[in-house]
file data.csv (CSV, C-alpha atoms)
chain,number,residue,atom,x,y,z
A,4,MET,CA,8.8,24.8,11.1
A,5,THR,CA,7.5,21.2,11.5
A,6,GLY,CA,9.7,19.2,9.2
A,7,ARG,CA,8.6,17.2,6.1
A,8,VAL,CA,4.8,16.9,5.8
A,9,LEU,CA,2.9,14.7,3.5
A,10,VAL,CA,-0.7,15.7,2.5
A,11,ALA,CA,-2.7,13.1,0.7
A,12,ARG,CA,-5.7,13.7,-1.6
A,13,MET,CA,-6.2,10.6,-3.7
A,14,ASP,CA,-9.1,11.3,-6.1
A,15,SER,CA,-9.8,13.8,-8.9
A,16,ALA,CA,-8.3,17.1,-10.1
A,17,GLY,CA,-11.1,19.1,-8.7
A,18,ASP,CA,-10.7,17.5,-5.2
A,19,VAL,CA,-7.0,18.3,-5.3
A,20,LEU,CA,-7.6,21.9,-6.3
A,21,LEU,CA,-10.0,22.3,-3.4
A,22,ALA,CA,-7.3,21.1,-1.1
A,23,GLY,CA,-5.1,24.0,-2.1
A,24,PRO,CA,-5.8,26.3,0.9
A,25,CYS,CA,-5.1,23.4,3.3
A,26,ILE,CA,-1.8,22.7,1.6
A,27,ARG,CA,-0.8,26.4,1.7
A,28,ALA,CA,-1.5,26.4,5.4
A,29,VAL,CA,0.7,23.4,5.9
A,30,ALA,CA,3.4,24.8,3.6
A,31,ALA,CA,3.5,28.0,5.7
A,32,CYS,CA,4.7,26.0,8.7
A,33,ALA,CA,6.6,23.1,7.2
A,34,ASP,CA,10.1,22.7,5.8
A,35,SER,CA,8.5,21.0,2.7
A,36,VAL,CA,5.2,19.6,1.6
A,37,THR,CA,4.8,16.4,-0.5
A,38,LEU,CA,1.4,15.8,-2.1
A,39,LEU,CA,0.4,12.2,-2.5
A,40,ALA,CA,-2.3,12.1,-5.3
A,41,GLY,CA,-4.1,9.7,-7.4
A,42,PRO,CA,-3.4,9.6,-11.2
A,43,ARG,CA,-6.6,11.6,-11.8
A,44,GLY,CA,-5.4,14.5,-9.6
A,45,ALA,CA,-1.6,14.6,-9.9
A,46,ALA,CA,-1.5,17.2,-12.7
A,47,ALA,CA,-3.6,19.5,-10.6
A,48,GLY,CA,-1.2,19.0,-7.7
A,49,GLU,CA,1.6,20.2,-9.7
A,50,LEU,CA,-0.2,23.6,-10.1
A,51,LEU,CA,-0.7,24.1,-6.4
A,52,PRO,CA,1.3,26.7,-4.5
A,53,GLY,CA,3.2,25.2,-1.6
A,54,VAL,CA,3.7,21.7,-3.1
A,55,ALA,CA,7.4,20.8,-3.3
A,56,GLU,CA,6.8,17.3,-4.8
A,57,VAL,CA,4.0,15.2,-6.1
A,58,LEU,CA,3.9,11.4,-5.6
A,59,THR,CA,1.3,9.4,-7.6
A,60,TRP,CA,-0.4,6.2,-6.5
A,61,CYS,CA,-3.8,4.8,-7.4
A,62,ALA,CA,-5.8,3.9,-4.2
A,63,PRO,CA,-8.1,1.0,-4.9
A,64,TRP,CA,-10.5,2.2,-2.2
A,65,ILE,CA,-10.8,5.7,-3.7
A,66,ASP,CA,-10.5,5.5,-7.5
A,67,PRO,CA,-13.9,5.1,-9.3
A,68,GLU,CA,-12.4,2.5,-11.6
A,69,PRO,CA,-10.2,0.7,-9.0
A,70,PRO,CA,-7.3,-1.5,-9.9
A,71,ALA,CA,-6.7,-4.8,-8.1
A,72,LEU,CA,-4.9,-4.5,-4.8
A,73,VAL,CA,-1.4,-5.8,-5.5
A,74,SER,CA,0.8,-6.4,-2.5
A,75,ALA,CA,4.1,-5.6,-4.3
A,76,GLU,CA,2.7,-2.2,-5.3
A,77,VAL,CA,1.5,-1.4,-1.8
A,78,LEU,CA,4.9,-2.3,-0.4
A,79,ALA,CA,6.6,-0.2,-3.0
A,80,LEU,CA,4.5,2.8,-1.9
A,81,VAL,CA,5.3,2.2,1.7
A,82,GLU,CA,9.0,2.1,0.9
A,83,GLN,CA,8.8,5.2,-1.2
A,84,ILE,CA,7.1,7.1,1.7
A,85,ARG,CA,9.7,5.7,4.2
A,86,GLU,CA,12.5,7.0,2.0
A,87,HIS,CA,11.0,10.5,2.1
A,88,GLY,CA,11.4,10.7,5.9
A,89,VAL,CA,8.0,12.1,6.5
A,90,ASP,CA,7.5,13.7,9.9
A,91,ARG,CA,3.8,14.3,9.8
A,92,ALA,CA,0.9,13.5,7.4
A,93,LEU,CA,-2.6,14.7,6.8
A,94,VAL,CA,-5.0,12.5,4.9
A,95,LEU,CA,-7.8,14.4,3.1
A,96,THR,CA,-10.9,12.6,2.1
A,97,SER,CA,-14.5,13.3,1.1
A,98,PHE,CA,-17.2,12.8,3.6
A,99,HIS,CA,-18.1,9.3,2.2
A,100,GLN,CA,-14.5,8.1,2.1
A,101,SER,CA,-12.4,6.6,4.9
A,102,PRO,CA,-8.8,7.8,5.6
A,103,LEU,CA,-7.9,4.6,7.5
A,104,PRO,CA,-6.6,2.4,4.7
A,105,LEU,CA,-4.0,5.0,3.8
A,106,ALA,CA,-3.3,5.8,7.4
A,107,LEU,CA,-2.4,2.1,7.9
A,108,LEU,CA,0.1,2.3,5.0
A,109,LEU,CA,1.6,5.5,6.4
A,110,ARG,CA,2.1,3.8,9.8
A,111,MET,CA,3.8,0.9,8.0
A,112,ALA,CA,6.1,3.5,6.4
A,113,GLY,CA,7.0,4.8,9.8
A,114,VAL,CA,5.2,8.1,9.7
A,115,PRO,CA,5.1,9.1,13.4
A,116,TRP,CA,2.1,11.5,13.3
A,117,ILE,CA,-1.0,11.3,11.2
A,118,GLY,CA,-4.2,13.4,11.2
A,119,ALA,CA,-7.4,13.0,9.3
A,120,ILE,CA,-11.2,13.6,9.4
A,121,SER,CA,-12.7,10.3,10.5
A,122,ASP,CA,-16.1,9.2,11.8
A,123,ASP,CA,-14.7,5.6,12.1
A,124,TYR,CA,-12.8,4.6,15.2
A,125,PRO,CA,-9.1,4.8,14.2
A,126,GLY,CA,-7.4,2.9,17.0
A,127,SER,CA,-3.7,3.7,16.8
A,128,LEU,CA,-3.8,4.7,13.1
A,129,LEU,CA,-4.5,8.4,13.8
A,130,ASP,CA,-2.9,10.8,16.2
A,131,LEU,CA,-5.5,13.5,15.3
A,132,ARG,CA,-9.1,12.3,14.7
A,133,HIS,CA,-10.8,15.5,13.5
A,134,ARG,CA,-14.5,15.9,13.3
A,135,VAL,CA,-16.5,18.4,11.1
A,136,ASP,CA,-20.1,19.3,11.9
A,137,GLY,CA,-22.6,20.5,9.3
A,138,ASP,CA,-22.1,20.7,5.6
A,139,PRO,CA,-19.2,23.2,4.9
A,140,PRO,CA,-17.6,23.8,1.5
A,141,GLU,CA,-15.1,21.0,0.8
A,142,SER,CA,-12.2,23.5,0.8
A,143,GLU,CA,-13.1,24.8,4.2
A,144,ARG,CA,-13.5,21.3,5.5
A,145,ALA,CA,-10.0,20.4,4.5
A,146,LEU,CA,-8.6,23.6,5.8
A,147,SER,CA,-10.2,22.9,9.2
A,148,LEU,CA,-8.1,19.7,9.5
A,149,ALA,CA,-4.9,21.7,8.9
A,150,GLU,CA,-5.9,24.3,11.5
A,151,SER,CA,-6.8,21.5,14.0
A,152,ALA,CA,-3.3,20.1,13.4
A,153,GLY,CA,-1.7,23.6,14.2
A,154,PHE,CA,-1.2,24.8,10.6
A,155,ARG,CA,-2.4,28.3,9.7
A,156,LEU,CA,-2.6,30.3,6.5
A,157,PRO,CA,0.0,33.0,6.4
A,158,PRO,CA,-1.0,36.7,6.7
A,159,GLY,CA,-2.6,38.0,3.5
A,160,ASP,CA,-3.8,34.6,2.3
A,161,ASP,CA,-7.6,34.8,1.9
A,162,GLY,CA,-8.1,31.0,1.8
A,163,THR,CA,-9.5,31.0,-1.7
A,164,LEU,CA,-8.3,28.6,-4.4
A,165,ALA,CA,-5.1,29.4,-6.3
A,166,VAL,CA,-2.7,28.0,-8.9
A,167,ARG,CA,1.0,28.7,-9.5
A,168,GLY,CA,2.1,30.9,-12.4
A,169,PRO,CA,3.1,32.0,-14.8
A,170,LEU,CA,0.6,30.3,-17.0
A,171,PRO,CA,1.1,29.7,-20.8
A,172,ASP,CA,0.0,32.4,-23.2
A,173,LEU,CA,-2.9,30.9,-25.3
A,174,ARG,CA,-4.1,34.1,-26.8
A,175,THR,CA,-3.0,33.1,-30.3
A,176,ALA,CA,-5.5,30.2,-30.0
A,177,THR,CA,-8.4,31.9,-28.1
A,178,GLY,CA,-8.1,35.5,-29.3
A,179,PRO,CA,-8.2,38.4,-26.9
A,180,PRO,CA,-9.6,38.0,-23.3
A,181,GLY,CA,-13.3,38.4,-22.6
A,182,TYR,CA,-14.8,35.3,-24.2
A,183,VAL,CA,-17.1,32.8,-22.4
A,184,VAL,CA,-15.9,29.3,-21.9
A,185,VAL,CA,-18.3,26.4,-22.1
A,186,HIS,CA,-16.9,23.2,-20.7
A,187,PRO,CA,-19.6,20.6,-21.4
A,188,GLY,CA,-18.0,17.4,-20.0
A,189,ALA,CA,-17.8,15.9,-16.6
A,190,SER,CA,-16.3,12.8,-15.0
A,191,THR,CA,-19.6,11.0,-14.9
A,192,PRO,CA,-22.7,11.3,-17.2
A,193,ALA,CA,-25.0,12.2,-14.3
A,194,ARG,CA,-23.2,15.5,-13.9
A,195,GLN,CA,-23.3,16.8,-17.4
A,196,MET,CA,-25.9,18.1,-19.9
A,197,SER,CA,-26.6,16.2,-23.1
A,198,ALA,CA,-24.6,17.3,-26.1
A,199,SER,CA,-27.6,18.8,-27.8
A,200,ARG,CA,-28.5,20.9,-24.7
A,201,SER,CA,-25.0,22.1,-24.4
A,202,ALA,CA,-24.9,23.0,-28.1
A,203,ALA,CA,-28.1,25.0,-27.5
A,204,VAL,CA,-26.3,26.9,-24.7
A,205,VAL,CA,-23.5,27.8,-27.0
A,206,ALA,CA,-26.0,28.9,-29.7
A,207,ALA,CA,-27.8,31.1,-27.1
A,208,LEU,CA,-24.6,32.7,-25.9
A,209,ALA,CA,-23.5,33.4,-29.5
A,210,ALA,CA,-26.9,34.9,-30.3
A,211,ALA,CA,-26.5,37.2,-27.3
A,212,GLY,CA,-23.2,38.5,-28.8
A,213,ARG,CA,-20.8,36.4,-26.7
A,214,ARG,CA,-17.6,34.9,-28.2
A,215,VAL,CA,-17.6,31.3,-27.0
A,216,VAL,CA,-14.7,28.9,-26.5
A,217,VAL,CA,-15.5,25.2,-25.9
A,218,THR,CA,-13.0,23.2,-23.9
A,219,GLY,CA,-12.7,19.5,-23.0
A,220,THR,CA,-10.3,16.6,-22.4
A,221,PRO,CA,-9.0,14.4,-25.2
A,222,VAL,CA,-11.8,11.9,-24.6
A,223,ASP,CA,-14.3,14.7,-25.0
A,224,ARG,CA,-13.4,15.6,-28.6
A,225,ALA,CA,-16.5,14.2,-30.2
A,226,LEU,CA,-18.6,16.0,-27.5
A,227,THR,CA,-16.8,19.3,-27.9
A,228,ALA,CA,-17.0,19.2,-31.7
A,229,THR,CA,-20.8,18.7,-31.4
A,230,VAL,CA,-21.2,21.4,-28.8
A,231,ALA,CA,-19.0,23.9,-30.5
A,232,ARG,CA,-21.2,23.7,-33.7
A,233,GLY,CA,-23.9,25.3,-31.6
A,234,GLY,CA,-26.7,26.6,-33.8
A,235,GLY,CA,-24.6,26.6,-37.0
A,236,PRO,CA,-21.8,28.6,-38.6
A,237,ASP,CA,-22.9,31.9,-37.1
A,238,LEU,CA,-24.0,30.6,-33.7
A,239,GLY,CA,-21.1,28.4,-32.7
A,240,GLY,CA,-17.9,28.5,-30.8
A,241,LEU,CA,-14.2,27.8,-31.0
A,242,ASP,CA,-13.5,24.1,-30.3
A,243,LEU,CA,-10.4,23.5,-28.1
A,244,GLY,CA,-11.5,20.1,-26.9
A,245,GLY,CA,-8.4,17.9,-26.3
A,246,ARG,CA,-6.0,20.6,-27.3
A,247,THR,CA,-4.8,21.9,-24.0
A,248,THR,CA,-2.7,20.6,-21.1
A,249,LEU,CA,-4.0,21.4,-17.6
A,250,PRO,CA,-1.8,24.6,-17.3
A,251,GLU,CA,-2.9,25.7,-20.8
A,252,LEU,CA,-6.6,25.1,-19.8
A,253,ALA,CA,-6.0,27.2,-16.7
A,254,ALA,CA,-4.7,30.0,-18.9
A,255,VAL,CA,-7.8,29.7,-21.2
A,256,LEU,CA,-10.1,29.9,-18.2
A,257,ALA,CA,-8.1,32.8,-16.6
A,258,HIS,CA,-8.8,35.1,-19.6
A,259,ALA,CA,-12.5,34.2,-19.8
A,260,SER,CA,-15.1,36.6,-18.5
A,261,VAL,CA,-17.3,33.7,-17.3
A,262,VAL,CA,-17.0,29.9,-17.4
A,263,VAL,CA,-20.1,27.7,-17.9
A,264,ALA,CA,-19.4,24.2,-16.6
A,265,PRO,CA,-21.0,21.3,-14.7
A,266,ASN,CA,-19.6,20.0,-11.4
A,267,THR,CA,-16.2,19.1,-12.7
A,268,GLY,CA,-12.5,19.8,-12.2
A,269,PRO,CA,-12.4,22.7,-14.7
A,270,ALA,CA,-15.1,24.6,-12.7
A,271,HIS,CA,-12.7,24.5,-9.7
A,272,LEU,CA,-9.8,25.4,-11.9
A,273,ALA,CA,-11.8,28.5,-13.1
A,274,ALA,CA,-12.3,29.4,-9.4
A,275,ALA,CA,-8.6,29.0,-8.8
A,276,VAL,CA,-7.7,31.5,-11.5
A,277,GLY,CA,-10.5,33.9,-10.3
A,278,THR,CA,-13.0,33.5,-13.1
A,279,PRO,CA,-16.8,33.5,-12.2
A,280,VAL,CA,-18.6,30.3,-12.9
A,281,VAL,CA,-22.1,29.5,-14.1
A,282,SER,CA,-22.4,26.1,-12.4
A,283,LEU,CA,-24.7,23.6,-14.1
A,284,PHE,CA,-24.9,21.5,-11.0
A,285,ALA,CA,-26.5,18.1,-10.8
A,286,PRO,CA,-27.5,17.5,-7.1
A,287,VAL,CA,-26.1,13.9,-6.9
A,288,VAL,CA,-23.7,15.5,-4.5
A,289,PRO,CA,-24.5,18.7,-2.4
A,290,ALA,CA,-23.8,22.0,-4.0
A,291,ALA,CA,-23.1,23.4,-0.5
A,292,ARG,CA,-19.9,21.3,-0.5
A,293,TRP,CA,-18.9,21.2,-4.1
A,294,ALA,CA,-20.0,24.3,-5.9
A,295,PRO,CA,-17.1,26.5,-7.2
A,296,TYR,CA,-15.5,28.2,-4.2
A,297,GLY,CA,-14.4,31.8,-3.6
A,298,VAL,CA,-15.6,33.4,-6.9
A,299,PRO,CA,-19.0,34.8,-8.0
A,300,THR,CA,-21.1,31.8,-8.9
A,301,ALA,CA,-24.6,31.1,-10.3
A,302,VAL,CA,-25.8,27.6,-9.5
A,303,LEU,CA,-28.3,26.3,-12.0
A,304,GLY,CA,-30.2,23.1,-12.1
A,305,ASP,CA,-33.0,21.6,-9.9
A,306,GLN,CA,-31.3,21.0,-6.6
A,307,ASP,CA,-34.3,19.1,-5.3
A,308,ALA,CA,-34.5,16.6,-8.1
A,309,PRO,CA,-35.1,12.9,-7.2
A,310,CYS,CA,-31.3,12.2,-7.7
A,311,ARG,CA,-30.4,14.5,-4.9
A,312,GLY,CA,-27.7,13.0,-2.7
A,313,SER,CA,-27.5,9.7,-4.5
A,314,ARG,CA,-23.9,10.1,-5.7
A,315,ALA,CA,-25.1,8.4,-8.9
A,316,ARG,CA,-22.7,8.2,-11.8
A,317,LYS,CA,-25.4,7.6,-14.3
A,318,CYS,CA,-28.7,9.6,-14.0
A,319,PRO,CA,-31.3,7.4,-12.2
A,320,VAL,CA,-34.2,9.6,-13.4
A,321,GLY,CA,-35.5,9.4,-17.0
A,322,GLY,CA,-34.8,12.5,-19.1
A,323,HIS,CA,-32.1,13.8,-16.7
A,324,PRO,CA,-34.4,16.6,-15.5
A,325,CYS,CA,-32.1,18.3,-13.0
A,326,LEU,CA,-29.9,19.6,-15.9
A,327,GLU,CA,-32.0,19.1,-19.1
A,328,SER,CA,-34.6,21.4,-17.6
A,329,ILE,CA,-32.2,24.3,-17.6
A,330,ASP,CA,-33.2,26.8,-20.3
A,331,PRO,CA,-30.3,28.1,-22.4
A,332,ASP,CA,-31.7,31.6,-22.0
A,333,GLU,CA,-31.3,31.1,-18.2
A,334,VAL,CA,-27.6,30.3,-18.8
A,335,VAL,CA,-27.3,33.5,-20.9
A,336,ALA,CA,-28.9,35.6,-18.2
A,337,ALA,CA,-26.7,34.2,-15.4
A,338,THR,CA,-23.6,34.7,-17.6
A,339,GLU,CA,-24.6,38.4,-18.2
A,340,ARG,CA,-25.1,39.0,-14.5
A,341,LEU,CA,-21.8,37.5,-13.5
A,342,ALA,CA,-20.0,39.3,-16.4
A,343,ALA,CA,-21.5,42.6,-15.3
A,344,VAL,CA,-20.6,42.2,-11.6
A,345,THR,CA,-17.0,41.2,-12.3
A,346,ALA,CA,-16.2,43.3,-15.4
A,347,ASP,CA,-13.5,45.2,-13.5
A,348,ARG,CA,-12.3,42.4,-11.3
A,349,PRO,CA,-8.5,42.4,-10.7
A,350,GLN,CA,-6.5,39.6,-12.2
A,351,ARG,CA,-6.0,36.7,-9.7
A,352,ARG,CA,-2.5,36.9,-8.3
A,353,LEU,CA,-0.5,33.8,-9.2
A,354,THR,CA,2.5,32.6,-7.1
A,355,THR,CA,5.7,31.7,-8.9
A,356,GLY,CA,7.1,28.8,-7.0
A,357,GLY,CA,7.8,25.5,-8.9
A,358,VAL,CA,7.5,21.8,-8.2
A,359,SER,CA,10.9,20.5,-7.4
call {"tool": "encode", "arguments": {"input": "data.csv", "output": "C-alpha cells"}}
result
Amino acid sequence: MTGRVLVARMDSAGDVLLAGPCIRAVAACADSVTLLAGPRGAAAGELLPGVAEVLTWCAPWIDPEPPALVSAEVLALVEQIREHGVDRALVLTSFHQSPLPLALLLRMAGVPWIGAISDDYPGSLLDLRHRVDGDPPESERALSLAESAGFRLPPGDDGTLAVRGPLPDLRTATGPPGYVVVHPGASTPARQMSASRSAAVVAALAAAGRRVVVTGTPVDRALTATVARGGGPDLGGLDLGGRTTLPELAAVLAHASVVVAPNTGPAHLAAAVGTPVVSLFAPVVPAARWAPYGVPTAVLGDQDAPCRGSRARKCPVGGHPCLESIDPDEVVAATERLAAVTADRPQRRLTTGGVS
C-alpha cells in the first residue's frame, strides 16, 4: 500500500465519472483515496467506488464561471490538504487544461509526490510528468496516468465506468424497467438540441411504442416540461425534470433500456450503470475522447460540422446544424438497434462501499 493518495478532478460531473477507473486503480494500491473535486463534480465523486472522502473547492482556472481568486480561500485549501497528510497526489485534467496551478498549491501543502499529464514544463512542481499520444478516450487517458504512477486495476476490474450501490428504488415514479430516457439538457447550449427538436424525438419514440421518461436538473424544468409534452397527450413522456438527486437519476438510468442524451454528465452516468446511450454529440469537442465509454453507443450528429473542435459554449453556426439536422426517426432507429442488441444484458454490478 502507498499511504494516503489525493486524486484531483476539478470540473464537471461527467469528467469525475470518467475518472472512476483511474481512482479504482489508485484505491487498489493505497490506504485511502481522497477526491478533490469542483462544486460541479462533487456529487458524482460521492458515487465513485474507491473514494473514501470528497473535498470540494472551486478552481478559478478550471470552472467555466470562475470566481475571483481569493488568497484566504487558497490558503484555507492548502491548510486543509496539509491536515490530511497526503503522501501522493494525481492531478487529472482535460487536454486543454494545465495541472500546474493545482500542483503549486499541493506543493505548498507539503505533498511530497505529485503526478500529472502535462505538456508544459513543470519545473519542480511534478515528480511525474506523464505524456499521452493520440486521442484516446478520456477515461483511458486518466487511467494511463495512474498506471504510469504504478497503480493498477485489481484483477477482475474491466476498466469501465461504475458507481457505488445500492441505488434508490424509483420504480414507483418511473414504472417498471424498460423505458427510454430522454435527457435533453447539457451544460452549454452548443451541446444540446432545441426544445422543439427534443420534443419531436420524444414524440417519435412514443409513436414507435416506447415508454419515455424525460430527465433534467432543477434549472431544466421548463425545458423538460416542453420536451415531455412531445407530440401531445398520446405522444409524450413522463417529466422527471428537477425531481431527482444524482443517485436517484442513476437509478432511473439503470432501469432504462436506452438513454438518449447529448454530451453531458448523465450520458456518462448512464454508461456507469451499464445502460446503452444514443449520444446526440455536438463536435465542439471530439467524440473520440468524450463519447459514452464502455457501453453500446450510437453517436449521432454531424461530426464534421464547422463547429468541430471549437470548444464553443454557444453554437457559432446559424441553425445549430450539427444537432438540429438529426432526424427524430434516426434517433428511433438507433434506439431500437441498441435495445435489440442489449435486451438480455446483465445488470451492471454495483459496489457497496460508502464515502466516509
call {"tool": "closest_residue", "arguments": {"input": "data.csv", "among": "A:Gly48, A:Gly181, A:Gly188, A:Pro236", "to": "Val216 (chain A)", "atoms": "all atoms listed in the file"}}
result
A:Gly181
call {"tool": "residues_around", "arguments": {"input": "data.csv", "residues": "Gly118 (chain A)", "least_positions_apart": "3", "cutoff": "9 Å", "atoms": "all atoms listed in the file", "output": "list in words"}}
result
Arg91, Ala92, Leu93, Val94, Leu95, Ala106, Leu128, Leu129, Asp130, Leu131, Arg132, His133, Leu148, Ala149, Ser151 and Ala152 of chain A
call {"tool": "residues_around", "arguments": {"input": "data.csv", "residues": "Ala28 (chain A)", "least_positions_apart": "6", "cutoff": "10 Å", "atoms": "all atoms listed in the file", "output": "list in words"}}
result
Gly53, Leu146, Ala149, Glu150, Gly153, Phe154, Arg155, Leu156, Pro157, Asp160 and Gly162 of chain A
call {"tool": "closest_atom_pairs", "arguments": {"input": "data.csv", "of": "region 161-275 of chain A", "to": "region 300-316 of chain A", "cutoff": "7 Å", "atoms": "all atoms listed in the file", "output": "JSON lines"}}
result
{"residue": "A:Thr191", "atom": "CA", "partner": "A:Arg316", "partner_atom": "CA", "distance": 5.2}
{"residue": "A:Pro192", "atom": "CA", "partner": "A:Arg316", "partner_atom": "CA", "distance": 6.2}
{"residue": "A:Ala193", "atom": "CA", "partner": "A:Arg316", "partner_atom": "CA", "distance": 5.2}
call {"tool": "atom_distance", "arguments": {"input": "data.csv", "atom1": "CA of Val54 (chain A)", "atom2": "CA of Arg12 (chain A)"}}
result
12.4 Å
call {"tool": "atom_distance", "arguments": {"input": "data.csv", "atom1": "CA of Ala228 (chain A)", "atom2": "CA of Ala290 (chain A)"}}
result
28.7 Å
call {"tool": "decode", "arguments": {"input": "data.csv", "residues": "region 20-44 of chain A", "atoms": "N, CA and C atoms", "output": "PDB file, in the first residue's frame"}}
result
ATOM      1  N   LEU A  20     -16.917  11.252 -13.315  1.00  0.00           N
ATOM      2  CA  LEU A  20     -17.304   9.862 -13.573  1.00  0.00           C
ATOM      3  C   LEU A  20     -16.290   9.168 -14.470  1.00  0.00           C
ATOM      4  N   LEU A  21     -15.754   9.893 -15.460  1.00  0.00           N
ATOM      5  CA  LEU A  21     -14.760   9.307 -16.358  1.00  0.00           C
ATOM      6  C   LEU A  21     -13.442   9.030 -15.646  1.00  0.00           C
ATOM      7  N   ALA A  22     -13.217   9.678 -14.520  1.00  0.00           N
ATOM      8  CA  ALA A  22     -12.016   9.420 -13.723  1.00  0.00           C
ATOM      9  C   ALA A  22     -12.149   8.169 -12.867  1.00  0.00           C
ATOM     10  N   GLY A  23     -13.318   7.537 -12.872  1.00  0.00           N
ATOM     11  CA  GLY A  23     -13.567   6.412 -11.990  1.00  0.00           C
ATOM     12  C   GLY A  23     -12.577   5.268 -12.102  1.00  0.00           C
ATOM     13  N   PRO A  24     -12.262   4.772 -13.312  1.00  0.00           N
ATOM     14  CA  PRO A  24     -11.285   3.673 -13.399  1.00  0.00           C
ATOM     15  C   PRO A  24      -9.912   4.055 -12.853  1.00  0.00           C
ATOM     16  N   CYS A  25      -9.469   5.278 -13.097  1.00  0.00           N
ATOM     17  CA  CYS A  25      -8.207   5.756 -12.532  1.00  0.00           C
ATOM     18  C   CYS A  25      -8.255   5.706 -11.014  1.00  0.00           C
ATOM     19  N   ILE A  26      -9.349   6.173 -10.438  1.00  0.00           N
ATOM     20  CA  ILE A  26      -9.471   6.198  -8.978  1.00  0.00           C
ATOM     21  C   ILE A  26      -9.500   4.784  -8.411  1.00  0.00           C
ATOM     22  N   ARG A  27     -10.175   3.864  -9.093  1.00  0.00           N
ATOM     23  CA  ARG A  27     -10.209   2.477  -8.587  1.00  0.00           C
ATOM     24  C   ARG A  27      -8.821   1.852  -8.633  1.00  0.00           C
ATOM     25  N   ALA A  28      -8.035   2.185  -9.664  1.00  0.00           N
ATOM     26  CA  ALA A  28      -6.664   1.671  -9.729  1.00  0.00           C
ATOM     27  C   ALA A  28      -5.843   2.193  -8.558  1.00  0.00           C
ATOM     28  N   VAL A  29      -6.000   3.469  -8.242  1.00  0.00           N
ATOM     29  CA  VAL A  29      -5.282   4.047  -7.102  1.00  0.00           C
ATOM     30  C   VAL A  29      -5.750   3.398  -5.805  1.00  0.00           C
ATOM     31  N   ALA A  30      -7.069   3.245  -5.667  1.00  0.00           N
ATOM     32  CA  ALA A  30      -7.623   2.694  -4.423  1.00  0.00           C
ATOM     33  C   ALA A  30      -7.165   1.260  -4.175  1.00  0.00           C
ATOM     34  N   ALA A  31      -6.884   0.532  -5.260  1.00  0.00           N
ATOM     35  CA  ALA A  31      -6.440  -0.853  -5.099  1.00  0.00           C
ATOM     36  C   ALA A  31      -5.051  -0.942  -4.474  1.00  0.00           C
ATOM     37  N   CYS A  32      -4.311   0.172  -4.496  1.00  0.00           N
ATOM     38  CA  CYS A  32      -2.923   0.165  -4.024  1.00  0.00           C
ATOM     39  C   CYS A  32      -2.674   1.134  -2.882  1.00  0.00           C
ATOM     40  N   ALA A  33      -3.672   1.892  -2.480  1.00  0.00           N
ATOM     41  CA  ALA A  33      -3.489   2.937  -1.470  1.00  0.00           C
ATOM     42  C   ALA A  33      -4.219   2.581  -0.181  1.00  0.00           C
ATOM     43  N   ASP A  34      -3.779   3.180   0.917  1.00  0.00           N
ATOM     44  CA  ASP A  34      -4.501   3.027   2.172  1.00  0.00           C
ATOM     45  C   ASP A  34      -5.855   3.720   2.114  1.00  0.00           C
ATOM     46  N   SER A  35      -5.907   4.902   1.459  1.00  0.00           N
ATOM     47  CA  SER A  35      -7.168   5.612   1.278  1.00  0.00           C
ATOM     48  C   SER A  35      -7.015   6.591   0.129  1.00  0.00           C
ATOM     49  N   VAL A  36      -8.144   6.926  -0.487  1.00  0.00           N
ATOM     50  CA  VAL A  36      -8.164   7.879  -1.598  1.00  0.00           C
ATOM     51  C   VAL A  36      -9.106   9.020  -1.253  1.00  0.00           C
ATOM     52  N   THR A  37      -8.584  10.238  -1.315  1.00  0.00           N
ATOM     53  CA  THR A  37      -9.388  11.439  -1.185  1.00  0.00           C
ATOM     54  C   THR A  37      -9.535  12.059  -2.569  1.00  0.00           C
ATOM     55  N   LEU A  38     -10.761  12.377  -2.954  1.00  0.00           N
ATOM     56  CA  LEU A  38     -11.013  13.064  -4.216  1.00  0.00           C
ATOM     57  C   LEU A  38     -11.171  14.549  -3.950  1.00  0.00           C
ATOM     58  N   LEU A  39     -10.396  15.361  -4.654  1.00  0.00           N
ATOM     59  CA  LEU A  39     -10.580  16.809  -4.646  1.00  0.00           C
ATOM     60  C   LEU A  39     -11.341  17.163  -5.904  1.00  0.00           C
ATOM     61  N   ALA A  40     -12.556  17.690  -5.740  1.00  0.00           N
ATOM     62  CA  ALA A  40     -13.441  17.964  -6.868  1.00  0.00           C
ATOM     63  C   ALA A  40     -13.933  19.399  -6.808  1.00  0.00           C
ATOM     64  N   GLY A  41     -14.381  19.891  -7.957  1.00  0.00           N
ATOM     65  CA  GLY A  41     -15.056  21.171  -8.002  1.00  0.00           C
ATOM     66  C   GLY A  41     -16.503  21.015  -7.581  1.00  0.00           C
ATOM     67  N   PRO A  42     -17.208  22.123  -7.340  1.00  0.00           N
ATOM     68  CA  PRO A  42     -18.601  22.027  -6.894  1.00  0.00           C
ATOM     69  C   PRO A  42     -19.520  21.378  -7.914  1.00  0.00           C
ATOM     70  N   ARG A  43     -19.155  21.419  -9.199  1.00  0.00           N
ATOM     71  CA  ARG A  43     -19.996  20.806 -10.226  1.00  0.00           C
ATOM     72  C   ARG A  43     -19.823  19.292 -10.286  1.00  0.00           C
ATOM     73  N   GLY A  44     -18.749  18.771  -9.702  1.00  0.00           N
ATOM     74  CA  GLY A  44     -18.470  17.349  -9.807  1.00  0.00           C
ATOM     75  C   GLY A  44     -18.477  16.591  -8.507  1.00  0.00           C
TER      76      GLY A  44
END
